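Visitor: So here's run-v6.txt, just compact mmCIF, C-alpha atoms:
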```txt
# COMPACT_ATOMS: atom_id res chain seq x y z
CA MET A 1 13.23 -1.96 -33.37
CA GLU A 2 13.95 -0.31 -30.03
CA ILE A 3 10.37 0.52 -29.09
CA LEU A 4 8.98 -2.96 -29.92
CA PRO A 5 8.73 -4.14 -26.26
CA VAL A 6 6.72 -1.01 -25.41
CA ILE A 7 4.27 -1.68 -28.25
CA VAL A 8 3.92 -5.31 -27.17
CA LEU A 9 3.35 -4.26 -23.56
CA TYR A 10 0.58 -1.77 -24.32
CA VAL A 11 -1.21 -4.25 -26.61
CA GLU A 12 -0.85 -6.88 -23.88
CA VAL A 13 -2.21 -4.54 -21.19
CA LEU A 14 -5.19 -3.56 -23.33
CA LEU A 15 -6.16 -7.13 -24.26
CA MET A 16 -5.70 -8.51 -20.75
CA ALA A 17 -7.62 -5.64 -19.17
CA LEU A 18 -10.57 -6.35 -21.48
CA ILE A 19 -10.47 -10.08 -20.68
CA GLU A 20 -10.19 -9.42 -16.95
CA ARG A 21 -13.19 -7.07 -17.09
CA LYS A 22 -15.24 -9.72 -18.89
CA LEU A 23 -14.38 -12.63 -16.59
CA TRP A 24 -14.31 -10.91 -13.20
CA ARG A 25 -17.16 -8.46 -13.93
CA THR A 26 -14.99 -5.56 -12.76
CA PRO A 27 -11.93 -3.71 -14.04
CA TYR A 28 -10.48 -3.53 -10.51
CA THR A 29 -8.59 -6.81 -10.48
CA PRO A 30 -5.16 -7.53 -8.94
CA LEU A 31 -3.57 -7.85 -12.38
CA ASN A 32 -4.93 -4.49 -13.50
CA CYS A 33 -3.73 -2.94 -10.24
CA LEU A 34 -0.23 -4.16 -11.12
CA MET A 35 0.07 -3.53 -14.85
CA VAL A 36 -1.93 -0.33 -15.46
CA PRO A 37 0.06 1.95 -13.09
CA TYR A 38 3.30 0.57 -14.55
CA ALA A 39 2.05 1.33 -18.08
CA VAL A 40 1.20 4.90 -17.02
CA VAL A 41 4.60 5.53 -15.41
CA LEU A 42 6.34 3.93 -18.40
CA ALA A 43 4.63 6.45 -20.66
CA PHE A 44 5.89 9.23 -18.38
CA CYS A 45 9.43 7.81 -18.58
CA MET A 46 9.25 7.82 -22.36
CA GLY A 47 8.11 11.43 -22.27
CA ILE A 48 11.18 12.58 -20.31
CA ASP A 49 13.63 10.23 -22.04
CA GLY A 50 16.80 12.24 -22.63
CA LYS A 51 15.29 15.38 -21.06
CA MET A 52 15.77 17.01 -17.64
CA GLY A 53 19.23 15.49 -17.48
CA PHE A 54 17.92 11.90 -17.69
CA VAL A 55 20.06 9.20 -19.25
CA PRO A 56 18.63 7.37 -22.31
CA PHE A 57 15.92 4.90 -21.38
CA TYR A 58 16.85 1.24 -21.93
CA TYR A 59 13.78 -0.16 -23.69
CA PRO A 60 14.73 -3.88 -23.51
CA SER A 61 14.04 -3.65 -19.74
CA VAL A 62 10.31 -3.58 -20.62
CA TRP A 63 10.52 -7.21 -21.81
CA VAL A 64 10.80 -8.33 -18.19
CA TRP A 65 7.40 -6.78 -17.49
CA VAL A 66 5.91 -8.18 -20.70
CA VAL A 67 6.79 -11.72 -19.61
CA GLY A 68 5.92 -11.11 -15.96
CA ILE A 69 2.46 -9.75 -16.76
CA ALA A 70 1.74 -12.74 -19.03
CA LEU A 71 2.69 -15.16 -16.23
CA PHE A 72 0.55 -13.29 -13.72
CA PHE A 73 -2.38 -13.42 -16.15
CA ILE A 74 -2.49 -17.23 -16.45
CA PRO A 75 -3.83 -18.00 -12.93
CA SER A 76 -6.06 -14.93 -13.05
CA PHE A 77 -7.55 -16.19 -16.31
CA PHE A 78 -8.18 -19.67 -14.85
CA PHE A 79 -9.84 -18.41 -11.66
CA GLY A 80 -11.69 -15.79 -13.71
CA ILE A 81 -13.32 -18.55 -15.76
CA LEU A 82 -14.37 -20.30 -12.53
CA PHE A 83 -15.73 -17.05 -11.16
CA SER A 84 -17.63 -16.29 -14.36
CA ALA A 85 -19.23 -19.75 -14.31
CA ALA A 86 -20.10 -19.56 -10.61
CA THR A 87 -21.70 -16.10 -10.78
CA ARG A 88 -23.41 -16.24 -14.17
CA GLY A 89 -26.89 -14.77 -13.83
CA LYS A 90 -26.39 -13.98 -10.13
CA ASP A 91 -26.04 -10.71 -8.27
CA LEU A 92 -22.78 -10.44 -6.38
CA PRO A 93 -23.18 -10.10 -2.60
CA GLN A 94 -22.51 -6.78 -0.89
CA VAL A 95 -20.54 -6.31 2.30
CA GLU A 96 -22.70 -6.35 5.41
CA VAL A 97 -21.01 -4.96 8.53
CA PRO A 98 -23.04 -5.49 11.73
CA GLU A 99 -23.23 -2.70 14.27
CA ALA A 100 -21.40 -4.85 16.83
CA THR A 101 -18.42 -5.10 14.46
CA ARG A 102 -18.40 -1.35 13.87
CA GLN A 103 -18.42 -0.70 17.61
CA VAL A 104 -15.57 -3.12 18.27
CA LEU A 105 -13.44 -1.65 15.49
CA GLY A 106 -14.23 1.84 16.76
CA LYS A 107 -13.08 0.96 20.29
CA VAL A 108 -9.89 -0.65 18.99
CA THR A 109 -9.17 2.47 16.92
CA GLN A 110 -9.74 4.73 19.91
CA ILE A 111 -7.44 2.67 22.14
CA ILE A 112 -4.62 2.69 19.56
CA LEU A 113 -4.95 6.44 18.98
CA VAL A 114 -4.78 7.09 22.74
CA LEU A 115 -1.65 4.92 22.98
CA PHE A 116 -0.05 6.80 20.10
CA PHE A 117 -0.96 10.14 21.71
CA PHE A 118 0.83 9.30 24.95
CA TRP A 119 3.72 7.74 23.02
CA THR A 120 4.12 10.95 21.01
CA VAL A 121 4.08 13.09 24.15
CA PHE A 122 6.66 10.79 25.74
CA LEU A 123 8.97 11.03 22.72
CA ILE A 124 8.65 14.82 22.58
CA LEU A 125 9.68 15.07 26.24
CA THR A 126 12.48 12.50 26.20
CA TYR A 127 13.82 12.19 22.64
CA SER A 128 16.13 14.78 21.12
CA ALA A 129 15.08 14.36 17.48
CA PRO A 130 12.30 16.76 16.45
CA ILE A 131 8.93 15.74 15.02
CA GLY A 132 9.19 15.42 11.25
CA SER A 133 12.73 14.09 11.23
CA ASP A 134 13.57 10.62 9.96
CA ALA A 135 15.04 9.77 13.35
CA PHE A 136 11.79 10.67 15.12
CA GLY A 137 9.77 8.68 12.58
CA SER A 138 11.96 5.62 13.07
CA LYS A 139 11.64 5.86 16.86
CA PHE A 140 7.92 6.57 16.59
CA SER A 141 6.94 3.40 14.71
CA GLY A 142 10.02 1.90 13.11
CA ASN A 143 9.82 -1.33 15.08
CA GLY A 144 8.54 -2.98 18.23
CA LEU A 145 5.05 -2.59 19.70
CA PHE A 146 4.28 0.72 18.03
CA GLY A 147 5.56 -0.57 14.71
CA HIS A 148 2.90 -3.29 14.86
CA LEU A 149 0.28 -0.83 16.14
CA SER A 150 0.95 1.42 13.15
CA THR A 151 0.28 -1.58 10.89
CA VAL A 152 -3.03 -2.22 12.68
CA MET A 153 -3.82 1.48 12.32
CA MET A 154 -3.27 1.22 8.56
CA ILE A 155 -5.70 -1.71 8.42
CA LEU A 156 -8.28 0.28 10.38
CA GLY A 157 -7.65 3.28 8.14
CA ILE A 158 -8.60 1.17 5.10
CA ILE A 159 -11.73 -0.08 6.87
CA TRP A 160 -12.94 3.38 7.90
CA MET A 161 -12.22 4.88 4.48
CA PHE A 162 -14.24 2.03 2.98
CA LEU A 163 -17.17 2.32 5.40
CA ILE A 164 -17.52 6.09 5.59
CA ASP A 165 -20.67 7.51 4.00
CA LYS A 166 -23.24 10.22 4.61
CA HIS A 167 -24.76 8.20 7.45
CA HIS A 168 -21.43 7.65 9.22
CA LYS A 169 -19.58 10.95 8.97
CA LYS A 170 -18.04 10.40 12.40
CA TYR A 171 -15.67 7.91 10.81
CA ALA A 172 -13.82 10.94 9.43
CA LEU A 173 -12.31 11.39 12.92
CA TYR A 174 -10.84 7.88 12.79
CA ILE A 175 -9.49 8.56 9.29
CA LEU A 176 -7.90 11.79 10.51
CA GLY A 177 -6.26 9.85 13.35
CA PHE A 178 -4.85 7.37 10.84
CA LEU A 179 -3.48 10.20 8.66
CA VAL A 180 -1.73 11.81 11.65
CA VAL A 181 -0.13 8.52 12.68
CA ALA A 182 0.92 7.78 9.08
CA PHE A 183 2.43 11.25 8.69
CA LEU A 184 4.44 10.95 11.92
CA CYS A 185 5.87 7.64 10.64
CA MET A 186 7.63 9.70 7.94
CA VAL A 187 7.28 6.80 5.47
CA LYS A 188 5.37 7.93 2.41
CA GLY A 189 4.19 4.43 1.53
CA TRP A 190 2.45 3.99 4.89
CA MET A 191 -0.02 6.71 3.91
CA ILE A 192 -0.19 6.14 0.16
CA ILE A 193 -0.71 2.36 0.19
CA PRO A 194 -3.65 2.32 2.67
CA ILE A 195 -5.37 5.17 0.82
CA VAL A 196 -4.91 3.45 -2.54
CA SER A 197 -6.10 0.15 -1.02
CA ALA A 198 -9.24 1.80 0.37
CA LEU A 199 -10.04 3.46 -2.97
CA ILE A 200 -9.58 0.16 -4.82
CA LEU A 201 -11.91 -1.54 -2.34
CA ARG A 202 -14.57 1.16 -2.66
CA LEU A 203 -14.38 0.95 -6.46
CA LEU A 204 -14.48 -2.85 -6.42
CA MET A 205 -17.57 -2.95 -4.18
CA LYS A 206 -19.22 -0.07 -6.11
CA ARG A 207 -19.33 2.30 -3.16
CA MET A 208 -17.92 4.90 -5.54
CA HIS A 209 -17.24 5.24 -9.27
CA LEU A 210 -14.04 6.18 -11.05
CA LYS A 211 -14.19 9.76 -12.27
CA LEU A 212 -11.61 12.16 -13.61
CA LYS A 213 -12.18 14.45 -10.62
CA MET A 214 -11.31 11.60 -8.25
CA VAL A 215 -8.14 10.71 -10.19
CA LEU A 216 -6.99 14.33 -10.18
CA GLY A 217 -7.85 14.65 -6.50
CA VAL A 218 -5.76 11.61 -5.61
CA ALA A 219 -2.87 12.88 -7.74
CA VAL A 220 -2.99 16.31 -6.08
CA PHE A 221 -3.21 14.75 -2.62
CA GLY A 222 -0.24 12.52 -3.41
CA PHE A 223 1.85 15.50 -4.49
CA VAL A 224 0.79 17.60 -1.49
CA PHE A 225 1.65 14.80 0.93
CA PHE A 226 4.96 14.19 -0.83
CA PHE A 227 5.77 17.90 -0.71
CA ALA A 228 4.71 18.25 2.93
CA SER A 229 6.73 15.26 4.14
CA TYR A 230 9.91 16.60 2.53
CA TRP A 231 9.13 20.17 3.57
CA VAL A 232 8.91 19.14 7.22
CA SER A 233 12.15 17.15 7.20
CA MET A 234 14.14 19.50 4.96
CA PHE A 235 12.87 22.97 5.91
CA LEU A 236 11.08 23.01 9.25
CA VAL A 237 13.62 20.71 10.89
CA ARG A 238 16.81 21.93 9.20
CA ALA A 239 16.15 25.58 8.29
CA ASP A 240 18.24 27.13 11.09
CA TRP A 241 21.22 24.90 10.35
CA ALA A 242 20.91 25.19 6.55
CA THR A 243 20.73 28.98 6.43
CA LYS A 244 24.06 29.16 8.28
CA GLN A 245 25.60 26.31 6.30
CA TYR A 246 24.73 27.80 2.89
CA ASN A 247 24.87 31.46 3.99
CA VAL A 248 21.37 32.25 2.71
CA THR A 249 18.28 33.86 4.17
CA ARG A 250 15.35 31.81 5.39
CA SER A 251 13.21 32.82 2.39
CA GLU A 252 16.01 31.92 -0.03
CA TYR A 253 16.40 28.51 1.58
CA ALA A 254 12.62 28.01 1.42
CA SER A 255 12.74 28.72 -2.33
CA MET A 256 15.69 26.34 -2.78
CA THR A 257 13.86 23.61 -0.87
CA ALA A 258 10.64 24.03 -2.86
CA ARG A 259 12.50 23.76 -6.20
CA TYR A 260 14.35 20.67 -5.05
CA ILE A 261 11.17 18.92 -3.88
CA GLN A 262 9.45 19.64 -7.20
CA ARG A 263 12.36 18.16 -9.17
CA HIS A 264 12.66 15.26 -6.75
CA PHE A 265 8.96 14.45 -7.21
CA VAL A 266 9.59 13.77 -10.90
CA THR A 267 12.63 11.61 -10.21
CA TYR A 268 10.76 9.79 -7.43
CA LEU A 269 7.84 9.05 -9.76
CA VAL A 270 10.08 7.38 -12.34
CA ALA A 271 12.67 6.02 -9.90
CA GLY A 272 11.60 2.37 -10.10
CA VAL A 273 11.03 2.11 -13.84
CA TYR A 274 14.01 4.26 -14.78
CA GLY A 275 16.18 2.66 -12.09
CA PHE A 276 15.56 -0.84 -13.45
CA SER A 277 16.13 0.44 -16.98
CA GLU A 278 19.53 1.86 -16.11
CA ASP A 279 20.43 -1.17 -13.99
CA MET A 280 19.82 -3.46 -16.99
CA ALA A 281 21.68 -1.06 -19.28
CA LYS A 282 24.71 -1.43 -17.01
CA GLY A 283 24.43 -5.23 -16.99
CA ILE A 284 22.74 -5.59 -13.54
CA MET A 285 24.91 -4.18 -10.78
CA GLU A 286 23.51 -6.38 -7.99
CA GLU A 287 24.43 -9.96 -7.23
CA ARG A 288 21.72 -12.58 -6.78
CA ASP A 289 20.37 -12.22 -3.26
CA PRO A 290 17.07 -14.05 -2.46
CA ASP A 291 17.20 -12.53 1.03
CA LYS A 292 16.11 -9.23 -0.54
CA ILE A 293 12.89 -10.90 -1.75
CA TYR A 294 12.09 -13.24 1.17
CA THR A 295 13.27 -10.76 3.81
CA SER A 296 10.26 -10.98 6.12
CA PHE A 297 10.28 -14.80 6.28
CA ILE A 298 14.05 -14.93 6.79
CA ASN A 299 13.99 -12.32 9.55
CA ILE A 300 11.25 -14.16 11.43
CA ALA A 301 13.40 -17.28 11.35
CA ASN A 302 16.48 -15.28 12.37
CA VAL A 303 14.72 -13.72 15.35
CA LEU A 304 13.53 -17.15 16.52
CA THR A 305 17.02 -18.62 16.22
CA GLY A 306 18.88 -15.62 17.62
CA LYS A 307 20.55 -14.63 14.35
CA PRO A 308 20.87 -10.99 13.20
CA VAL A 309 18.13 -9.68 10.95
CA VAL A 310 18.92 -9.00 7.30
CA ASP A 311 18.39 -5.68 5.58
CA GLN A 312 15.82 -5.55 2.77
CA ILE A 313 17.13 -2.26 1.34
CA ASN A 314 19.11 -2.42 -1.91
CA ASP A 315 22.51 -0.78 -1.39
CA ARG A 316 23.25 -0.37 -5.11
CA PHE A 317 22.29 3.02 -6.56
CA VAL A 318 22.20 3.97 -10.21
CA LYS A 319 22.36 7.50 -11.52
CA THR A 320 19.38 8.21 -13.79
CA THR A 321 19.53 12.01 -13.97
CA SER A 322 21.99 14.79 -13.25
CA LEU A 323 19.30 16.71 -11.35
CA ASP A 324 19.00 14.27 -8.45
CA ALA A 325 20.76 11.56 -6.47
CA GLY A 326 20.70 7.95 -7.63
CA THR A 327 17.89 5.45 -7.10
CA ASN A 328 17.98 1.99 -5.50
CA VAL A 329 14.44 0.82 -6.38
CA ARG A 330 13.74 -1.52 -9.32
CA THR A 331 9.95 -2.02 -9.63
CA PHE A 332 8.03 -5.20 -8.74
CA MET A 333 9.15 -7.34 -11.68
CA GLY A 334 12.56 -5.71 -11.85
CA SER A 335 13.43 -6.56 -8.22
CA LEU A 336 12.46 -10.19 -8.77
CA TYR A 337 14.53 -10.36 -11.96
CA VAL A 338 17.56 -8.75 -10.31
CA PHE A 339 17.67 -10.60 -6.99
CA ILE A 340 16.45 -14.12 -7.81
CA GLY A 341 16.99 -14.44 -11.55
CA PRO A 342 14.58 -14.94 -14.46
CA TRP A 343 13.49 -18.56 -13.87
CA HIS A 344 13.03 -18.23 -10.13
CA ALA A 345 11.20 -14.94 -10.72
CA ALA A 346 8.87 -16.60 -13.26
CA ILE A 347 7.91 -19.32 -10.75
CA PHE A 348 7.43 -16.71 -8.01
CA VAL A 349 5.12 -14.55 -10.15
CA PHE A 350 3.04 -17.54 -11.24
CA LEU A 351 2.60 -18.96 -7.72
CA PHE A 352 1.92 -15.56 -6.20
CA SER A 353 -0.72 -14.91 -8.85
CA CYS A 354 -2.34 -18.24 -7.92
CA LEU A 355 -2.56 -17.09 -4.29
CA VAL A 356 -3.92 -13.65 -5.12
CA SER A 357 -6.40 -14.92 -7.72
CA MET A 358 -7.71 -17.51 -5.26
CA LEU A 359 -8.10 -14.81 -2.59
CA PHE A 360 -9.86 -12.56 -5.12
CA PHE A 361 -12.25 -15.39 -6.02
CA VAL A 362 -13.14 -16.21 -2.40
CA ALA A 363 -13.34 -12.60 -1.19
CA ARG A 364 -15.75 -11.57 -3.96
CA GLN A 365 -17.85 -14.70 -3.54
CA ARG A 366 -18.33 -14.23 0.20
CA ALA A 367 -18.07 -10.43 0.41
CA ASN A 368 -16.35 -10.73 3.80
CA LEU A 369 -15.02 -7.40 5.07
CA PHE A 370 -11.75 -8.75 6.44
CA ALA A 371 -10.96 -10.92 3.41
CA LEU A 372 -11.65 -7.94 1.16
CA VAL A 373 -9.38 -5.68 3.21
CA TRP A 374 -6.60 -8.27 2.92
CA LEU A 375 -7.17 -8.36 -0.84
CA ALA A 376 -7.19 -4.56 -1.03
CA TRP A 377 -3.92 -4.40 0.94
CA ILE A 378 -2.23 -6.73 -1.54
CA CYS A 379 -3.69 -4.73 -4.43
CA GLY A 380 -2.17 -1.61 -2.84
CA PHE A 381 1.22 -3.33 -2.86
CA LEU A 382 0.71 -4.33 -6.50
CA PHE A 383 -0.40 -0.81 -7.42
CA MET A 384 2.97 0.46 -6.15
CA GLY A 385 4.76 -2.14 -8.29
CA TRP A 386 5.92 0.62 -10.65
CA PHE A 387 8.12 1.76 -7.77
CA GLU A 388 9.31 -1.21 -5.73
CA PHE A 389 8.69 -4.81 -4.62
CA TYR A 390 6.74 -4.25 -1.38
CA LEU A 391 5.96 -7.91 -0.68
CA LYS A 392 9.33 -8.19 1.09
CA LEU A 393 8.00 -6.11 3.99
CA LEU A 394 6.93 -7.75 7.25
CA SER A 395 3.42 -6.30 6.91
CA PHE A 396 2.82 -8.79 4.08
CA ILE A 397 2.75 -11.43 6.83
CA THR A 398 1.41 -9.44 9.79
CA VAL A 399 -1.57 -7.83 8.04
CA PRO A 400 -3.49 -11.13 7.49
CA ILE A 401 -2.62 -12.16 11.07
CA PHE A 402 -3.95 -8.90 12.52
CA LEU A 403 -7.03 -9.10 10.28
CA ALA A 404 -7.72 -12.63 11.55
CA MET A 405 -7.44 -11.38 15.15
CA LEU A 406 -9.81 -8.48 14.47
CA ALA A 407 -12.24 -10.81 12.70
CA GLU A 408 -12.26 -13.19 15.67
CA ILE A 409 -12.91 -10.39 18.16
CA CYS A 410 -15.73 -9.01 16.01
CA PHE A 411 -17.21 -12.50 15.53
CA TRP A 412 -17.29 -12.98 19.30
CA ALA A 413 -18.93 -9.55 19.77
CA GLU A 414 -21.57 -10.31 17.13
CA ASN A 415 -22.47 -13.65 18.71
CA ARG A 416 -22.67 -12.07 22.14
CA SER A 417 -25.02 -9.34 20.86
CA ARG A 418 -27.37 -11.98 19.43
CA GLN A 419 -27.63 -14.01 22.64
CA PRO A 420 -30.72 -13.29 24.79
CA ARG A 421 -29.88 -11.85 28.18
CA LEU A 422 -30.61 -14.12 31.13
CA LEU A 423 -33.11 -12.67 33.61
CA PRO A 424 -32.78 -13.24 37.36
CA PRO A 425 -35.18 -15.79 38.96
CA GLY A 426 -38.57 -14.33 39.93
CA TYR A 427 -38.11 -11.26 37.68
CA ARG A 428 -41.29 -9.73 36.28
CA PRO A 429 -41.62 -6.59 34.13
CA SER A 430 -42.64 -3.52 36.11
CA SER A 431 -45.91 -3.30 34.15
CA LEU A 432 -47.02 -6.66 35.54
CA LYS A 433 -45.93 -5.79 39.04
CA SER A 434 -48.20 -2.72 38.99
CA GLY A 435 -51.15 -4.71 37.72
CA ALA A 436 -51.25 -3.04 34.33
CA ARG A 437 -53.12 -4.83 31.56
```
What would you get if you wrote out this structure as structure tokens?
Guide:
Amino acid sequence: MEILPVIVLYVEVLLMALIERKLWRTPYTPLNCLMVPYAVVLAFCMGIDGKMGFVPFYYPSVWVWVVGIALFFIPSFFFGILFSAATRGKDLPQVEVPEATRQVLGKVTQIILVLFFFWTVFLILTYSAPIGSDAFGSKFSGNGLFGHLSTVMMILGIIWMFLIDKHHKKYALYILGFLVVAFLCMVKGWMIIPIVSALILRLLMKRMHLKLKMVLGVAVFGFVFFFASYWVSMFLVRADWATKQYNVTRSEYASMTARYIQRHFVTYLVAGVYGFSEDMAKGIMEERDPDKIYTSFINIANVLTGKPVVDQINDRFVKTTSLDAGTNVRTFMGSLYVFIGPWHAAIFVFLFSCLVSMLFFVARQRANLFALVWLAWICGFLFMGWFEFYLKLLSFITVPIFLAMLAEICFWAENRSRQPRLLPPGYRPSSLKSGAR
């Protein structure tokens, strides 16, 4: 029965989601962040199976996710039992962010935005690639100091989107700054993942509630950002060249570009799930390559030893539809299965789930802002598991390091604000000097 793995997966997702909700007292758990988006995109893939020029979907590929989700659930279930026992009959703590911490984070945000402003002006004056091009985005924050600053800016973006409320509307300026920086990076994930992470954190800490209007709003925003990023690079940057190359008017090229982006959005949405499906249907085109999974750790070691860095991008493309180019992404579970094999992948998923479940347990118990942001960042990576395995990126390592640095600075500022100020010898208030009673 071809559709059997799909039936098993949806039953599995439903049962585990109910258990997670019962044990963790919230539906917004790391496991749900991983499996629910995949289940949604899988349904979309089934809807277009054999349509729009798509090749037949290879349903046995779903078994990899069925097993992977079950392995991820085991540690979550264990820590969920501990959490349920520890919090039974108790109110969960809420995040308290002292004013000193808010001020420090605000100053750090302002400094980074000023640096990016001058960096942007410098690139405009000295670099030939125009704003909106991939070359400009790579130079803007592809590596080096400003690559790390863009990561810190994403962390701060999550924090400000979490903290903003009717009493702190000024945080919208910081969020706008983050959005501008993320857009200039020309990497769609660097805007989508922080926004998703912030929404997950707000839902988890009950600063907002999941509503259909919010879901539709996020979906529309995602499409608009996707459309805008491609429109800038394909039309605004290339229009003059393209109209001559294809012998069309500017309006005709605009119409061609808009149609392509709309089609590409569909293929992009299903690229990971459909890409892994077709890869398995062809017998797995890639060779085992653990470097594609442990890229960030390997590159740190290579830099320290003077060796060349390795590339984390998969160079094998599969053709999933006649309407678009091939795809080289394989989903979270699919990438593990392809590059390190089933048994190694099973151990990886289990151990990673132990780490995430432990972090989830501690972060919810202590309600620490920085621990929760780290958790939300990982949940953002898991949420995008329907597309690709994002844990291979360097930010998986640098984000907790930068969060620890920010936490230490804020801790120092809080302690300093609590210390009484020393008065000079012989000082008396002016009221006593004047003889007032």
Visitor: Could you produce a table of the residues of region 74-183 of chain A lying within 10 Å of region 225-236 of chain A, with the nearest pair of atoms per residue and their separation in Å rounded to one decimal, using only C-alpha atoms, ordered by chain and increasing residue number, as a tab-separated table?
Guide:
```
residue	atom	partner	partner_atom	distance
A:Pro130	CA	A:Ser233	CA	9.3
A:Ile131	CA	A:Val232	CA	8.5
A:Gly132	CA	A:Ser233	CA	5.3
A:Ser133	CA	A:Ser233	CA	5.1
A:Asp134	CA	A:Ser233	CA	7.2
A:Phe183	CA	A:Ser229	CA	7.4
```
Visitor: Residues at most 8 Å from Val62 (chain A), counting all atoms listed in the file, excluding those fewer than 2 positions away in the same chain, as a PyMOL selection string?
Guide: chain A and resi 5-6+9+59-60+64-66+277
Visitor: Can you measure CA of Asp289 (chain A) to CA of Phe339 (chain A) for me? One decimal in Å is fine.
Guide: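 Straight-line distance from CA of Asp289 (chain A) to CA of Phe339 (chain A) works out to 4.9 Å.
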Visitor: Could you pull the residues within 9 Å of region 304-317 of chain A, counting only C-alpha atoms, minus those fewer than 3 positions along the same chain, as a list in words?
Guide: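 Close residues of region 304-317 of chain A: Gly275, Asp279, Met285, Glu286, Asp291, Lys292, Ile293, Tyr294, Thr295, Ser296, Ile298, Asn299, Ile300, Ala301, Ala325, Gly326, Thr327, Asn328, Val329, Lys392 and Leu393 of chain A.
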Visitor: Just the residues within 10 Å of Leu71 (chain A), please, counting all atoms listed in the file, with nothing from its chain fewer than 4 positions along; format it as a list in words.
Guide: Trp65, Val66, Val67, Pro75, Ser76, Ala346, Ile347, Phe348, Val349, Phe350, Leu351 and Ser353 of chain A
Visitor: For region 109-144 of chain A versus region 190-201 of chain A, which residues have an atom no more than 12 Å away, and what is each residue's nearest atom pair and distance in Å rounded to one decimal, using only C-alpha atoms, chain-then-number order, as a Markdown table?
Guide:
```
| residue | atom | partner | partner_atom | distance |
| --- | --- | --- | --- | --- |
| A:Gly137 | CA | A:Trp190 | CA | 11.6 |
| A:Ser141 | CA | A:Trp190 | CA | 10.8 |
| A:Gly142 | CA | A:Trp190 | CA | 11.4 |
```
Visitor: One decimal, in Å: what's the spacing between CA of Ala258 (chain A) and CA of Met46 (chain A)?
Guide: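 Distance between the two atoms: 25.4 Å.
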Visitor: With a distance cut-off of 10 Å and only C-alpha atoms, select the neighbouring residues of Thr87 (chain A), excluding the residue or stretch itself and same-chain residues fewer than 2 positions from it, and output the selection as a ChimeraX atom specification.
Guide: /A:23-25,82-85,89-92,365
Visitor: Leaving out Leu115 (chain A) and any residue of its chain fewer than 6 positions from it, which residues lie within 10 Å of it when counting all atoms listed in the file, given as number ranges by chain?
Guide: A: 109, 146, 149
Visitor: So, counting all atoms listed in the file, which residue among A:Lys244, A:Lys139, A:Lys170, A:Lys51 is closest to Arg102 (chain A)?
Guide: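 Comparing A:Lys244, A:Lys139, A:Lys170, A:Lys51 against Arg102 (chain A), the winner is A:Lys170.
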Visitor: Would you please work out which residue, of A:Thr26, A:Ser395, A:Ser150, A:Thr243, is nearest to Phe116 (chain A) when using only C-alpha atoms?
Guide: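 Once distances to Phe116 (chain A) are computed over only C-alpha atoms, the minimum belongs to A:Ser150.
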Visitor: For Pro27 (chain A), which of A:Ala404, A:Met205, A:Val248, A:Trp412 is the closest residue, counting all atoms listed in the file?
Guide: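 For Pro27 (chain A), the nearest of the given residues is A:Met205.
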Visitor: From the list A:Ile158, A:Cys410, A:Ala242, A:Met208, which residue is nearest Ile175 (chain A) when using all atoms listed in the file?
Guide: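 So, comparing all the options, the nearest one is A:Ile158.
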Visitor: Given the choices A:Ala219, A:Phe265, A:Ile155, A:Trp241, which gets closest to Met405 (chain A) if the distance is worked out from only C-alpha atoms?
Guide: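 Closest to Met405 (chain A) of all the choices is A:Ile155.
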Visitor: With distances taken over only C-alpha atoms, which of A:Ala271, A:Ala345, A:Leu403, A:Cys354 is nearest to Phe44 (chain A)?
Guide: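 Nearest candidate to Phe44 (chain A) out of A:Ala271, A:Ala345, A:Leu403, A:Cys354: A:Ala271.
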Visitor: So how far away is CA of Asn32 (chain A) from CA of Ile19 (chain A), in Å?
Guide: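 Between these atoms lies a distance of 10.7 Å.
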Visitor: How would you write as a compact mmCIF listing (two decimals) with C-alpha atoms, in the coordinates of the input the residues that get within 10 Å of (-23.6, -7.6, 17.7) in the file's frame, counting all atoms listed in the file?
Guide:
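Below is the file that was written, out-v6.txt:
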```txt
# COMPACT_ATOMS: atom_id res chain seq x y z
CA VAL A 97 -21.01 -4.96 8.53
CA PRO A 98 -23.04 -5.49 11.73
CA GLU A 99 -23.23 -2.70 14.27
CA ALA A 100 -21.40 -4.85 16.83
CA THR A 101 -18.42 -5.10 14.46
CA ARG A 102 -18.40 -1.35 13.87
CA GLN A 103 -18.42 -0.70 17.61
CA VAL A 104 -15.57 -3.12 18.27
CA CYS A 410 -15.73 -9.01 16.01
CA PHE A 411 -17.21 -12.50 15.53
CA TRP A 412 -17.29 -12.98 19.30
CA ALA A 413 -18.93 -9.55 19.77
CA GLU A 414 -21.57 -10.31 17.13
CA ASN A 415 -22.47 -13.65 18.71
CA ARG A 416 -22.67 -12.07 22.14
CA SER A 417 -25.02 -9.34 20.86
CA ARG A 418 -27.37 -11.98 19.43
CA GLN A 419 -27.63 -14.01 22.64
```
